[in-house]
>>> print(open('entry_20.cif').read())   # mmCIF, C-alpha atoms; chains and numbers go by the auth columns
data_upload
#
loop_
_atom_site.group_PDB
_atom_site.id
_atom_site.type_symbol
_atom_site.label_atom_id
_atom_site.label_comp_id
_atom_site.label_asym_id
_atom_site.label_seq_id
_atom_site.Cartn_x
_atom_site.Cartn_y
_atom_site.Cartn_z
_atom_site.B_iso_or_equiv
_atom_site.auth_seq_id
_atom_site.auth_asym_id
ATOM 1 C CA MET A 1 77.300 -23.011 -62.800 0.00 50 T
ATOM 2 C CA GLU A 2 76.766 -20.239 -60.233 0.00 51 T
ATOM 3 C CA SER A 3 72.970 -20.358 -60.519 0.00 52 T
ATOM 4 C CA GLU A 4 72.948 -24.152 -60.283 0.00 53 T
ATOM 5 C CA LEU A 5 75.133 -24.018 -57.190 0.00 54 T
ATOM 6 C CA MET A 6 72.792 -21.499 -55.567 0.00 55 T
ATOM 7 C CA GLU A 7 69.893 -23.860 -56.288 0.00 56 T
ATOM 8 C CA VAL A 8 71.728 -26.523 -54.310 0.00 57 T
ATOM 9 C CA PHE A 9 72.436 -24.132 -51.448 0.00 58 T
ATOM 10 C CA ALA A 10 68.739 -23.222 -51.313 0.00 59 T
ATOM 11 C CA THR A 11 67.911 -26.842 -50.419 0.00 60 T
ATOM 12 C CA LEU A 12 70.336 -26.966 -47.475 0.00 61 T
ATOM 13 C CA PRO A 13 69.555 -26.401 -43.787 0.00 62 T
ATOM 14 C CA GLN A 14 72.334 -23.797 -43.603 0.00 63 T
ATOM 15 C CA GLN A 15 74.443 -21.916 -46.126 0.00 64 T
ATOM 16 C CA GLY A 16 77.575 -21.589 -44.001 0.00 65 T
ATOM 17 C CA PRO A 17 79.186 -22.749 -40.756 0.00 66 T
ATOM 18 C CA GLY A 18 76.906 -22.279 -37.776 0.00 67 T
ATOM 19 C CA SER A 19 75.747 -23.861 -34.546 0.00 68 T
ATOM 20 C CA ASP A 20 72.260 -23.610 -33.073 0.00 69 T
ATOM 21 C CA GLU A 21 73.666 -24.576 -29.672 0.00 70 T
ATOM 22 C CA VAL A 22 76.205 -21.739 -29.724 0.00 71 T
ATOM 23 C CA GLY A 23 73.606 -19.344 -31.100 0.00 72 T
ATOM 24 C CA ARG A 24 71.129 -20.115 -28.311 0.00 73 T
ATOM 25 C CA ARG A 25 73.829 -19.712 -25.689 0.00 74 T
ATOM 26 C CA VAL A 26 74.883 -16.309 -27.050 0.00 75 T
ATOM 27 C CA LEU A 27 71.297 -15.116 -27.382 0.00 76 T
ATOM 28 C CA GLY A 28 70.527 -16.244 -23.857 0.00 77 T
ATOM 29 C CA SER A 29 73.370 -14.083 -22.573 0.00 78 T
ATOM 30 C CA LEU A 30 71.959 -11.016 -24.352 0.00 79 T
ATOM 31 C CA LYS A 31 68.342 -11.116 -23.249 0.00 80 T
ATOM 32 C CA GLU A 32 68.770 -8.904 -20.193 0.00 81 T
ATOM 33 C CA SER A 33 70.417 -6.248 -22.372 0.00 82 T
ATOM 34 C CA LEU A 34 67.540 -6.061 -24.851 0.00 83 T
ATOM 35 C CA PRO A 35 63.958 -4.749 -24.689 0.00 84 T
ATOM 36 C CA ALA A 36 61.164 -7.228 -24.017 0.00 85 T
ATOM 37 C CA SER A 37 59.996 -6.849 -27.631 0.00 86 T
ATOM 38 C CA PRO A 38 63.196 -6.217 -29.596 0.00 87 T
ATOM 39 C CA GLU A 39 63.466 -5.169 -33.213 0.00 88 T
ATOM 40 C CA ILE A 40 65.913 -7.556 -34.889 0.00 89 T
ATOM 41 C CA ALA A 41 67.480 -7.928 -38.336 0.00 90 T
ATOM 42 C CA ASP A 42 69.222 -11.074 -39.579 0.00 91 T
ATOM 43 C CA PHE A 43 71.564 -9.916 -42.341 0.00 92 T
ATOM 44 C CA GLY A 44 72.577 -12.541 -44.891 0.00 93 T
ATOM 45 C CA CYS A 45 69.864 -14.786 -43.487 0.00 94 T
ATOM 46 C CA GLY A 46 69.988 -17.431 -46.210 0.00 95 T
ATOM 47 C CA THR A 47 67.037 -19.807 -45.939 0.00 96 T
ATOM 48 C CA GLY A 48 66.419 -18.819 -42.332 0.00 97 T
ATOM 49 C CA ARG A 49 68.244 -21.088 -39.910 0.00 98 T
ATOM 50 C CA SER A 50 69.321 -18.163 -37.718 0.00 99 T
ATOM 51 C CA THR A 51 66.119 -16.205 -38.416 0.00 100 T
ATOM 52 C CA PHE A 52 64.033 -18.920 -36.816 0.00 101 T
ATOM 53 C CA LEU A 53 66.565 -19.258 -34.009 0.00 102 T
ATOM 54 C CA LEU A 54 66.021 -15.562 -33.272 0.00 103 T
ATOM 55 C CA ALA A 55 62.244 -15.976 -33.468 0.00 104 T
ATOM 56 C CA ASP A 56 62.378 -18.799 -30.905 0.00 105 T
ATOM 57 C CA ALA A 57 64.698 -16.871 -28.578 0.00 106 T
ATOM 58 C CA PHE A 58 62.549 -13.712 -28.659 0.00 107 T
ATOM 59 C CA PRO A 59 58.877 -14.762 -28.899 0.00 108 T
ATOM 60 C CA ARG A 60 57.766 -11.132 -28.511 0.00 109 T
ATOM 61 C CA GLY A 61 60.329 -9.724 -30.912 0.00 110 T
ATOM 62 C CA ARG A 62 59.989 -8.714 -34.545 0.00 111 T
ATOM 63 C CA ILE A 63 62.582 -10.236 -36.840 0.00 112 T
ATOM 64 C CA CYS A 64 63.446 -9.334 -40.427 0.00 113 T
ATOM 65 C CA GLY A 65 65.586 -11.694 -42.509 0.00 114 T
ATOM 66 C CA ILE A 66 67.541 -9.924 -45.259 0.00 115 T
ATOM 67 C CA ASP A 67 69.340 -11.599 -48.146 0.00 116 T
ATOM 68 C CA LEU A 68 70.267 -10.677 -51.718 0.00 117 T
ATOM 69 C CA ASN A 69 69.541 -14.182 -53.036 0.00 118 T
ATOM 70 C CA SER A 70 65.908 -14.415 -54.143 0.00 119 T
ATOM 71 C CA GLU A 71 65.831 -18.236 -53.941 0.00 120 T
ATOM 72 C CA PHE A 72 66.919 -18.165 -50.313 0.00 121 T
ATOM 73 C CA CYS A 73 64.301 -15.520 -49.556 0.00 122 T
ATOM 74 C CA ALA A 74 61.569 -17.602 -51.180 0.00 123 T
ATOM 75 C CA VAL A 75 62.450 -20.604 -49.016 0.00 124 T
ATOM 76 C CA LEU A 76 62.466 -18.415 -45.913 0.00 125 T
ATOM 77 C CA ALA A 77 59.097 -16.873 -46.827 0.00 126 T
ATOM 78 C CA THR A 78 57.586 -20.354 -47.129 0.00 127 T
ATOM 79 C CA GLY A 79 59.065 -21.341 -43.772 0.00 128 T
ATOM 80 C CA ILE A 80 57.636 -18.229 -42.125 0.00 129 T
ATOM 81 C CA GLU A 81 54.173 -19.052 -43.452 0.00 130 T
ATOM 82 C CA THR A 82 54.419 -22.732 -42.501 0.00 131 T
ATOM 83 C CA ARG A 83 55.417 -21.882 -38.936 0.00 132 T
ATOM 84 C CA GLY A 84 52.671 -19.290 -38.578 0.00 133 T
ATOM 85 C CA LEU A 85 55.145 -16.484 -37.931 0.00 134 T
ATOM 86 C CA SER A 86 54.056 -13.988 -40.582 0.00 135 T
ATOM 87 C CA GLY A 87 52.793 -11.602 -37.899 0.00 136 T
ATOM 88 C CA ARG A 88 56.260 -10.911 -36.550 0.00 137 T
ATOM 89 C CA VAL A 89 58.838 -12.390 -38.933 0.00 138 T
ATOM 90 C CA SER A 90 59.403 -10.934 -42.397 0.00 139 T
ATOM 91 C CA VAL A 91 61.892 -11.235 -45.243 0.00 140 T
ATOM 92 C CA LEU A 92 63.532 -8.636 -47.489 0.00 141 T
ATOM 93 C CA ASN A 93 65.270 -9.567 -50.747 0.00 142 T
ATOM 94 C CA ARG A 94 67.877 -6.785 -50.584 0.00 143 T
ATOM 95 C CA ASP A 95 71.567 -5.987 -50.378 0.00 144 T
ATOM 96 C CA MET A 96 72.858 -6.084 -46.780 0.00 145 T
ATOM 97 C CA LEU A 97 74.314 -2.597 -47.168 0.00 146 T
ATOM 98 C CA ARG A 98 71.151 -1.154 -48.740 0.00 147 T
ATOM 99 C CA SER A 99 68.396 -2.684 -46.668 0.00 148 T
ATOM 100 C CA GLY A 100 66.216 0.413 -46.482 0.00 149 T
ATOM 101 C CA LEU A 101 65.805 -0.004 -42.705 0.00 150 T
ATOM 102 C CA TYR A 102 65.554 3.181 -40.684 0.00 151 T
ATOM 103 C CA THR A 103 68.372 4.779 -38.722 0.00 152 T
ATOM 104 C CA GLY A 104 68.277 3.719 -35.074 0.00 153 T
ATOM 105 C CA SER A 105 65.444 1.246 -35.654 0.00 154 T
ATOM 106 C CA LEU A 106 67.140 -1.985 -34.508 0.00 155 T
ATOM 107 C CA ASP A 107 67.913 -3.359 -31.064 0.00 156 T
ATOM 108 C CA LEU A 108 69.856 -6.361 -32.358 0.00 157 T
ATOM 109 C CA ILE A 109 71.650 -7.162 -35.593 0.00 158 T
ATOM 110 C CA TRP A 110 72.611 -10.775 -36.259 0.00 159 T
ATOM 111 C CA SER A 111 74.749 -11.976 -39.162 0.00 160 T
ATOM 112 C CA GLU A 112 76.358 -15.387 -39.584 0.00 161 T
ATOM 113 C CA GLY A 113 78.761 -16.264 -42.392 0.00 162 T
ATOM 114 C CA ALA A 114 77.775 -13.291 -44.522 0.00 163 T
ATOM 115 C CA ALA A 115 79.674 -10.138 -43.568 0.00 164 T
ATOM 116 C CA TYR A 116 82.781 -11.195 -45.524 0.00 165 T
ATOM 117 C CA THR A 117 80.806 -10.889 -48.782 0.00 166 T
ATOM 118 C CA VAL A 118 80.615 -7.118 -48.325 0.00 167 T
ATOM 119 C CA GLY A 119 83.601 -6.713 -46.005 0.00 168 T
ATOM 120 C CA PHE A 120 83.629 -6.835 -42.204 0.00 169 T
ATOM 121 C CA ASP A 121 84.378 -3.100 -41.941 0.00 170 T
ATOM 122 C CA ASN A 122 81.760 -2.107 -44.512 0.00 171 T
ATOM 123 C CA ALA A 123 79.127 -4.178 -42.736 0.00 172 T
ATOM 124 C CA LEU A 124 79.836 -2.708 -39.305 0.00 173 T
ATOM 125 C CA SER A 125 80.024 0.829 -40.666 0.00 174 T
ATOM 126 C CA CYS A 126 76.616 0.455 -42.321 0.00 175 T
ATOM 127 C CA TRP A 127 74.939 -1.359 -39.441 0.00 176 T
ATOM 128 C CA HIS A 128 76.175 1.067 -36.771 0.00 177 T
ATOM 129 C CA GLU A 129 73.684 3.728 -37.863 0.00 178 T
ATOM 130 C CA LEU A 130 70.799 1.232 -37.962 0.00 179 T
ATOM 131 C CA LEU A 131 71.194 0.338 -34.289 0.00 180 T
ATOM 132 C CA ALA A 132 69.513 2.146 -31.440 0.00 181 T
ATOM 133 C CA GLN A 133 71.767 3.601 -28.751 0.00 182 T
ATOM 134 C CA ASP A 134 73.419 0.675 -26.912 0.00 183 T
ATOM 135 C CA GLY A 135 72.056 -1.691 -29.562 0.00 184 T
ATOM 136 C CA LEU A 136 73.818 -5.014 -30.051 0.00 185 T
ATOM 137 C CA CYS A 137 75.442 -6.586 -33.085 0.00 186 T
ATOM 138 C CA VAL A 138 76.466 -10.251 -33.330 0.00 187 T
ATOM 139 C CA VAL A 139 78.483 -10.920 -36.454 0.00 188 T
ATOM 140 C CA SER A 140 80.608 -13.885 -37.449 0.00 189 T
ATOM 141 C CA GLU A 141 83.907 -13.610 -39.254 0.00 190 T
ATOM 142 C CA CYS A 142 86.507 -16.105 -40.433 0.00 191 T
ATOM 143 C CA GLU A 143 89.765 -15.120 -38.752 0.00 192 T
ATOM 144 C CA TRP A 144 93.197 -16.217 -37.645 0.00 193 T
ATOM 145 C CA LEU A 145 93.171 -17.590 -34.114 0.00 194 T
ATOM 146 C CA ARG A 146 96.953 -17.976 -33.979 0.00 195 T
ATOM 147 C CA MET A 147 99.851 -16.335 -35.787 0.00 196 T
ATOM 148 C CA ASP A 148 102.000 -19.469 -36.178 0.00 197 T
ATOM 149 C CA ALA A 149 99.857 -21.154 -38.835 0.00 198 T
ATOM 150 C CA PRO A 150 101.694 -23.570 -41.186 0.00 199 T
ATOM 151 C CA LYS A 151 102.434 -22.461 -44.740 0.00 200 T
ATOM 152 C CA GLU A 152 99.815 -24.753 -46.305 0.00 201 T
ATOM 153 C CA ILE A 153 96.903 -23.115 -44.533 0.00 202 T
ATOM 154 C CA ARG A 154 98.357 -19.603 -44.882 0.00 203 T
ATOM 155 C CA ASP A 155 98.649 -20.118 -48.644 0.00 204 T
ATOM 156 C CA TYR A 156 95.139 -21.557 -48.790 0.00 205 T
ATOM 157 C CA TRP A 157 93.542 -18.488 -47.214 0.00 206 T
ATOM 158 C CA ALA A 158 95.850 -16.079 -49.033 0.00 207 T
ATOM 159 C CA ALA A 159 94.168 -17.233 -52.243 0.00 208 T
ATOM 160 C CA LEU A 160 90.586 -17.319 -50.924 0.00 209 T
ATOM 161 C CA TYR A 161 90.448 -14.494 -48.386 0.00 210 T
ATOM 162 C CA PRO A 162 93.658 -12.436 -48.521 0.00 211 T
ATOM 163 C CA GLY A 163 92.272 -9.824 -46.148 0.00 212 T
ATOM 164 C CA MET A 164 91.575 -12.305 -43.343 0.00 213 T
ATOM 165 C CA ARG A 165 92.651 -10.816 -40.018 0.00 214 T
ATOM 166 C CA THR A 166 93.307 -11.926 -36.471 0.00 215 T
ATOM 167 C CA THR A 167 90.731 -11.779 -33.704 0.00 216 T
ATOM 168 C CA GLU A 168 92.411 -8.776 -32.116 0.00 217 T
ATOM 169 C CA GLU A 169 92.625 -6.945 -35.455 0.00 218 T
ATOM 170 C CA ASN A 170 88.887 -7.423 -35.963 0.00 219 T
ATOM 171 C CA ARG A 171 88.161 -6.214 -32.436 0.00 220 T
ATOM 172 C CA ARG A 172 90.318 -3.148 -33.068 0.00 221 T
ATOM 173 C CA ARG A 173 88.454 -2.368 -36.275 0.00 222 T
ATOM 174 C CA ALA A 174 85.130 -2.781 -34.488 0.00 223 T
ATOM 175 C CA ARG A 175 86.197 -0.266 -31.843 0.00 224 T
ATOM 176 C CA LEU A 176 87.233 2.235 -34.520 0.00 225 T
ATOM 177 C CA LEU A 177 83.828 1.810 -36.154 0.00 226 T
ATOM 178 C CA GLY A 178 81.918 2.576 -32.964 0.00 227 T
ATOM 179 C CA PHE A 179 81.491 -0.726 -31.137 0.00 228 T
ATOM 180 C CA ASP A 180 82.569 -2.095 -27.783 0.00 229 T
ATOM 181 C CA ALA A 181 83.554 -5.767 -27.781 0.00 230 T
ATOM 182 C CA ILE A 182 81.306 -7.645 -25.325 0.00 231 T
ATOM 183 C CA ASP A 183 82.117 -11.261 -26.098 0.00 232 T
ATOM 184 C CA HIS A 184 83.861 -13.484 -28.636 0.00 233 T
ATOM 185 C CA VAL A 185 82.891 -17.095 -29.290 0.00 234 T
ATOM 186 C CA VAL A 186 84.791 -19.380 -31.680 0.00 235 T
ATOM 187 C CA LEU A 187 82.487 -21.836 -33.432 0.00 236 T
ATOM 188 C CA PRO A 188 83.404 -25.490 -32.798 0.00 237 T
ATOM 189 C CA ALA A 189 84.456 -27.852 -35.589 0.00 238 T
ATOM 190 C CA GLU A 190 80.945 -29.338 -35.453 0.00 239 T
ATOM 191 C CA ALA A 191 79.587 -26.059 -36.836 0.00 240 T
ATOM 192 C CA TRP A 192 81.642 -26.632 -39.979 0.00 241 T
ATOM 193 C CA GLU A 193 80.535 -30.278 -40.219 0.00 242 T
ATOM 194 C CA ALA A 194 76.892 -29.215 -40.009 0.00 243 T
ATOM 195 C CA TYR A 195 77.550 -27.121 -43.118 0.00 244 T
ATOM 196 C CA HIS A 196 79.934 -29.383 -45.038 0.00 245 T
ATOM 197 C CA GLU A 197 78.213 -32.747 -44.655 0.00 246 T
ATOM 198 C CA PRO A 198 74.826 -31.943 -46.257 0.00 247 T
ATOM 199 C CA LEU A 199 76.515 -29.770 -48.896 0.00 248 T
ATOM 200 C CA LEU A 200 78.916 -32.505 -50.001 0.00 249 T
ATOM 201 C CA GLU A 201 76.041 -34.984 -50.100 0.00 250 T
ATOM 202 C CA ALA A 202 73.967 -32.613 -52.240 0.00 251 T
ATOM 203 C CA LEU A 203 76.876 -32.067 -54.651 0.00 252 T
ATOM 204 C CA SER A 204 77.816 -35.740 -54.920 0.00 253 T
ATOM 205 C CA GLY A 205 77.125 -37.212 -58.359 0.00 254 T
ATOM 206 C CA ARG A 206 76.430 -33.855 -60.019 0.00 255 T
ATOM 207 C CA GLU A 207 79.064 -33.742 -62.734 0.00 256 T
ATOM 208 C CA ASN A 208 78.291 -30.132 -63.632 0.00 257 T
ATOM 209 C CA LEU A 209 79.210 -29.133 -60.073 0.00 258 T
ATOM 210 C CA HIS A 210 82.248 -31.367 -59.670 0.00 259 T
ATOM 211 C CA ALA A 211 84.600 -28.396 -59.246 0.00 260 T
ATOM 212 C CA ALA A 212 82.491 -27.132 -56.347 0.00 261 T
ATOM 213 C CA LEU A 213 82.533 -30.595 -54.793 0.00 262 T
ATOM 214 C CA VAL A 214 86.336 -30.666 -54.944 0.00 263 T
ATOM 215 C CA GLU A 215 86.611 -27.152 -53.516 0.00 264 T
ATOM 216 C CA ILE A 216 84.283 -27.837 -50.589 0.00 265 T
ATOM 217 C CA GLY A 217 86.026 -31.156 -49.945 0.00 266 T
ATOM 218 C CA ARG A 218 89.350 -29.351 -49.682 0.00 267 T
ATOM 219 C CA GLU A 219 87.871 -26.751 -47.347 0.00 268 T
ATOM 220 C CA ARG A 220 86.646 -29.571 -45.129 0.00 269 T
ATOM 221 C CA GLN A 221 90.137 -31.062 -45.047 0.00 270 T
ATOM 222 C CA MET A 222 91.629 -27.697 -44.121 0.00 271 T
ATOM 223 C CA ILE A 223 89.296 -27.133 -41.179 0.00 272 T
ATOM 224 C CA ARG A 224 89.830 -30.678 -39.916 0.00 273 T
ATOM 225 C CA ARG A 225 93.608 -30.332 -40.136 0.00 274 T
ATOM 226 C CA TYR A 226 94.116 -26.734 -39.038 0.00 275 T
ATOM 227 C CA ASN A 227 91.091 -25.665 -36.978 0.00 276 T
ATOM 228 C CA LYS A 228 93.279 -24.526 -34.065 0.00 277 T
ATOM 229 C CA TYR A 229 94.822 -21.861 -36.314 0.00 278 T
ATOM 230 C CA PHE A 230 91.704 -20.344 -37.885 0.00 279 T
ATOM 231 C CA GLY A 231 87.950 -20.470 -37.559 0.00 280 T
ATOM 232 C CA TYR A 232 84.631 -18.685 -37.633 0.00 281 T
ATOM 233 C CA ALA A 233 83.940 -16.641 -34.538 0.00 282 T
ATOM 234 C CA LEU A 234 80.945 -14.688 -33.315 0.00 283 T
ATOM 235 C CA HIS A 235 81.842 -11.143 -32.299 0.00 284 T
ATOM 236 C CA VAL A 236 79.321 -9.793 -29.802 0.00 285 T
ATOM 237 C CA LEU A 237 79.431 -6.000 -30.066 0.00 286 T
ATOM 238 C CA LYS A 238 77.642 -3.071 -28.455 0.00 287 T
ATOM 239 C CA ARG A 239 77.032 0.174 -30.301 0.00 288 T
ATOM 240 C CA CYS A 240 78.790 3.227 -28.868 0.00 289 T
ATOM 241 C CA SER A 241 77.681 6.808 -29.406 0.00 290 T
ATOM 242 C CA THR A 242 81.042 7.757 -30.907 0.00 291 T
ATOM 243 C CA VAL A 243 82.959 6.365 -33.871 0.00 292 T
ATOM 244 C CA GLY A 244 86.747 6.259 -34.044 0.00 293 T
#
>>> encode(input="entry_20.cif", output="structure tokens")
Amino acid sequence: MESELMEVFATLPQQGPGSDEVGRRVLGSLKESLPASPEIADFGCGTGRSTFLLADAFPRGRICGIDLNSEFCAVLATGIETRGLSGRVSVLNRDMLRSGLYTGSLDLIWSEGAAYTVGFDNALSCWHELLAQDGLCVVSECEWLRMDAPKEIRDYWAALYPGMRTTEENRRRARLLGFDAIDHVVLPAEAWEAYHEPLLEALSGRENLHAALVEIGRERQMIRRYNKYFGYALHVLKRCSTVG
């Protein structure tokens, strides 16, 4: 079932919660802090929604999309060719923690909805050494926005993501791993709808993926009911010279 589900995800415009509007706003705020022709990596790029967002925001930049899923990478490669971006946008089918990119080679790291697969701390620890001095990292993480969440939603995430932390806990970990917190933007409920709606439509009527349909449907109910208690947030971080 896993491979069939990944085939479905490969047909979708995005593989997790995300907002182009929020992304553009965050990127716009970073432009003055980056070189005119930045070196950028999009870790866990999926089929390229954020990769192309980065390419549009930095028309003189070089962007590399990195994802472990070969189907996602194939879709992204086709999109790069179709858009005529092969001169400055590339794709690597690799593990996010073993990308093969050089130490200090990146001005900006972007990662939406992917760091949890390897662990927020592991991702930041690995990416710190890839960034140039004062390089920037924008990474999303699902986190508790309030500590008074009802039992139903606490139990839900205890089963799915037992290590989920609060915003301040994630900021503290980022500081210990060598980053200064620059900004923090919680994705709106619409960012979840943009992910859930096409996914539920793609799963509808596929009996072999009924369990996934039920699971995603429940997730949608949880975010609609409890989105003031938890959510995906973009952490905008700046690399420091020291760790700890």
>>> closest_residue(input="entry_20.cif", among="T:Tyr244, T:Phe121, T:Trp159, T:Phe101", to="Cys186 (chain T)", atoms="all atoms listed in the file")
T:Trp159
>>> closest_residue(input="entry_20.cif", among="T:Asp156, T:Asp183, T:Glu242, T:Glu201", to="Cys289 (chain T)", atoms="all atoms listed in the file")
T:Asp183
>>> resolve_selection(input="entry_20.cif", expression="the PyMOL selection byres ((chain T and resi 247) around 12)", output="list in words")
Val57, Phe58, Ala59, Thr60, Leu61, Pro62, Gln63, Gln64, Gly65, Pro66, Trp241, Glu242, Ala243, Tyr244, His245, Glu246, Leu248, Leu249, Glu250, Ala251, Leu252, Ser253, Leu262, Ile265 and Gly266 of chain T
>>> write_last_selection(input="entry_20.cif", atoms="C-alpha atoms", output="short mmCIF file (atom, residue, chain, number, x, y, z; two decimals), in the frame of the given file")
data_model
loop_
_atom_site.label_atom_id
_atom_site.label_comp_id
_atom_site.auth_asym_id
_atom_site.auth_seq_id
_atom_site.Cartn_x
_atom_site.Cartn_y
_atom_site.Cartn_z
CA VAL T 57 71.73 -26.52 -54.31
CA PHE T 58 72.44 -24.13 -51.45
CA ALA T 59 68.74 -23.22 -51.31
CA THR T 60 67.91 -26.84 -50.42
CA LEU T 61 70.34 -26.97 -47.48
CA PRO T 62 69.56 -26.40 -43.79
CA GLN T 63 72.33 -23.80 -43.60
CA GLN T 64 74.44 -21.92 -46.13
CA GLY T 65 77.58 -21.59 -44.00
CA PRO T 66 79.19 -22.75 -40.76
CA TRP T 241 81.64 -26.63 -39.98
CA GLU T 242 80.54 -30.28 -40.22
CA ALA T 243 76.89 -29.22 -40.01
CA TYR T 244 77.55 -27.12 -43.12
CA HIS T 245 79.93 -29.38 -45.04
CA GLU T 246 78.21 -32.75 -44.66
CA LEU T 248 76.52 -29.77 -48.90
CA LEU T 249 78.92 -32.51 -50.00
CA GLU T 250 76.04 -34.98 -50.10
CA ALA T 251 73.97 -32.61 -52.24
CA LEU T 252 76.88 -32.07 -54.65
CA SER T 253 77.82 -35.74 -54.92
CA LEU T 262 82.53 -30.60 -54.79
CA ILE T 265 84.28 -27.84 -50.59
CA GLY T 266 86.03 -31.16 -49.94
#
>>> resolve_selection(input="entry_20.cif", expression="the PyMOL selection byres ((chain T and resi 180) around 8)", output="PDB file with C-alpha atoms, in the frame of the given file")
ATOM      1  CA  THR T 152      68.372   4.779 -38.722  1.00  0.00           C
ATOM      2  CA  GLY T 153      68.277   3.719 -35.074  1.00  0.00           C
ATOM      3  CA  SER T 154      65.444   1.246 -35.654  1.00  0.00           C
ATOM      4  CA  LEU T 155      67.140  -1.985 -34.508  1.00  0.00           C
ATOM      5  CA  ASP T 156      67.913  -3.359 -31.064  1.00  0.00           C
ATOM      6  CA  LEU T 157      69.856  -6.361 -32.358  1.00  0.00           C
ATOM      7  CA  ILE T 158      71.650  -7.162 -35.593  1.00  0.00           C
ATOM      8  CA  TRP T 176      74.939  -1.359 -39.441  1.00  0.00           C
ATOM      9  CA  HIS T 177      76.175   1.067 -36.771  1.00  0.00           C
ATOM     10  CA  GLU T 178      73.684   3.728 -37.863  1.00  0.00           C
ATOM     11  CA  LEU T 179      70.799   1.232 -37.962  1.00  0.00           C
ATOM     12  CA  ALA T 181      69.513   2.146 -31.440  1.00  0.00           C
ATOM     13  CA  GLN T 182      71.767   3.601 -28.751  1.00  0.00           C
ATOM     14  CA  ASP T 183      73.419   0.675 -26.912  1.00  0.00           C
ATOM     15  CA  GLY T 184      72.056  -1.691 -29.562  1.00  0.00           C
ATOM     16  CA  LEU T 185      73.818  -5.014 -30.051  1.00  0.00           C
ATOM     17  CA  ARG T 288      77.032   0.174 -30.301  1.00  0.00           C
TER      18      ARG T 288
END
>>> atom_distance(input="entry_20.cif", atom1="CA of Asp197 (chain T)", atom2="CA of Leu286 (chain T)")
27.0 Å
>>> resolve_selection(input="entry_20.cif", expression="the PyMOL selection byres ((chain T and resi 135) around 12)", output="mmCIF file with C-alpha atoms, in the coordinates of the input")
data_model
loop_
_atom_site.group_PDB
_atom_site.id
_atom_site.type_symbol
_atom_site.label_atom_id
_atom_site.label_comp_id
_atom_site.auth_asym_id
_atom_site.auth_seq_id
_atom_site.Cartn_x
_atom_site.Cartn_y
_atom_site.Cartn_z
ATOM 1 C CA PHE T 101 64.033 -18.920 -36.816
ATOM 2 C CA ALA T 104 62.244 -15.976 -33.468
ATOM 3 C CA ARG T 111 59.989 -8.714 -34.545
ATOM 4 C CA ILE T 112 62.582 -10.236 -36.840
ATOM 5 C CA CYS T 113 63.446 -9.334 -40.427
ATOM 6 C CA GLY T 114 65.586 -11.694 -42.509
ATOM 7 C CA LEU T 125 62.466 -18.415 -45.913
ATOM 8 C CA ALA T 126 59.097 -16.873 -46.827
ATOM 9 C CA THR T 127 57.586 -20.354 -47.129
ATOM 10 C CA GLY T 128 59.065 -21.341 -43.772
ATOM 11 C CA ILE T 129 57.636 -18.229 -42.125
ATOM 12 C CA GLU T 130 54.173 -19.052 -43.452
ATOM 13 C CA THR T 131 54.419 -22.732 -42.501
ATOM 14 C CA ARG T 132 55.417 -21.882 -38.936
ATOM 15 C CA GLY T 133 52.671 -19.290 -38.578
ATOM 16 C CA LEU T 134 55.145 -16.484 -37.931
ATOM 17 C CA GLY T 136 52.793 -11.602 -37.899
ATOM 18 C CA ARG T 137 56.260 -10.911 -36.550
ATOM 19 C CA VAL T 138 58.838 -12.390 -38.933
ATOM 20 C CA SER T 139 59.403 -10.934 -42.397
ATOM 21 C CA VAL T 140 61.892 -11.235 -45.243
#
>>> closest_residue(input="entry_20.cif", among="T:Ala282, T:Glu268, T:Ala164, T:Lys200", to="Glu217 (chain T)", atoms="all atoms listed in the file")
T:Ala282
>>> atom_distance(input="entry_20.cif", atom1="CA of Ser68 (chain T)", atom2="CA of Leu194 (chain T)")
18.5 Å
>>> closest_residue(input="entry_20.cif", among="T:Ala85, T:Leu173, T:Cys122, T:Val263", to="Gly227 (chain T)", atoms="only C-alpha atoms")
T:Leu173
>>> residues_around(input="entry_20.cif", residues="region 71-80 of chain T", least_positions_apart="4", cutoff="12 Å", atoms="only C-alpha atoms", output="PyMOL selection string")
chain T and resi 66-67+84-87+89+98-110+156-161+184-189+231-240+281-287
>>> atom_distance(input="entry_20.cif", atom1="CA of Met145 (chain T)", atom2="CA of Ser82 (chain T)")
24.5 Å
>>> residues_near_point(input="entry_20.cif", point="(84.0, -11.1, -48.4)", cutoff="12 Å", atoms="only C-alpha atoms", output="CSV table (one decimal) with C-alpha atoms, in the frame of the given file")
chain,number,residue,atom,x,y,z
T,162,GLY,CA,78.8,-16.3,-42.4
T,163,ALA,CA,77.8,-13.3,-44.5
T,164,ALA,CA,79.7,-10.1,-43.6
T,165,TYR,CA,82.8,-11.2,-45.5
T,166,THR,CA,80.8,-10.9,-48.8
T,167,VAL,CA,80.6,-7.1,-48.3
T,168,GLY,CA,83.6,-6.7,-46.0
T,169,PHE,CA,83.6,-6.8,-42.2
T,170,ASP,CA,84.4,-3.1,-41.9
T,171,ASN,CA,81.8,-2.1,-44.5
T,172,ALA,CA,79.1,-4.2,-42.7
T,189,SER,CA,80.6,-13.9,-37.4
T,190,GLU,CA,83.9,-13.6,-39.3
T,191,CYS,CA,86.5,-16.1,-40.4
T,192,GLU,CA,89.8,-15.1,-38.8
T,209,LEU,CA,90.6,-17.3,-50.9
T,210,TYR,CA,90.4,-14.5,-48.4
T,211,PRO,CA,93.7,-12.4,-48.5
T,212,GLY,CA,92.3,-9.8,-46.1
T,213,MET,CA,91.6,-12.3,-43.3
>>> closest_residue(input="entry_20.cif", among="T:Leu225, T:Ile272, T:Met55, T:Leu146", to="Ile115 (chain T)", atoms="only C-alpha atoms")
T:Leu146
>>> closest_residue(input="entry_20.cif", among="T:Phe92, T:Tyr205, T:Phe279, T:Phe228", to="Arg147 (chain T)", atoms="all atoms listed in the file")
T:Phe92
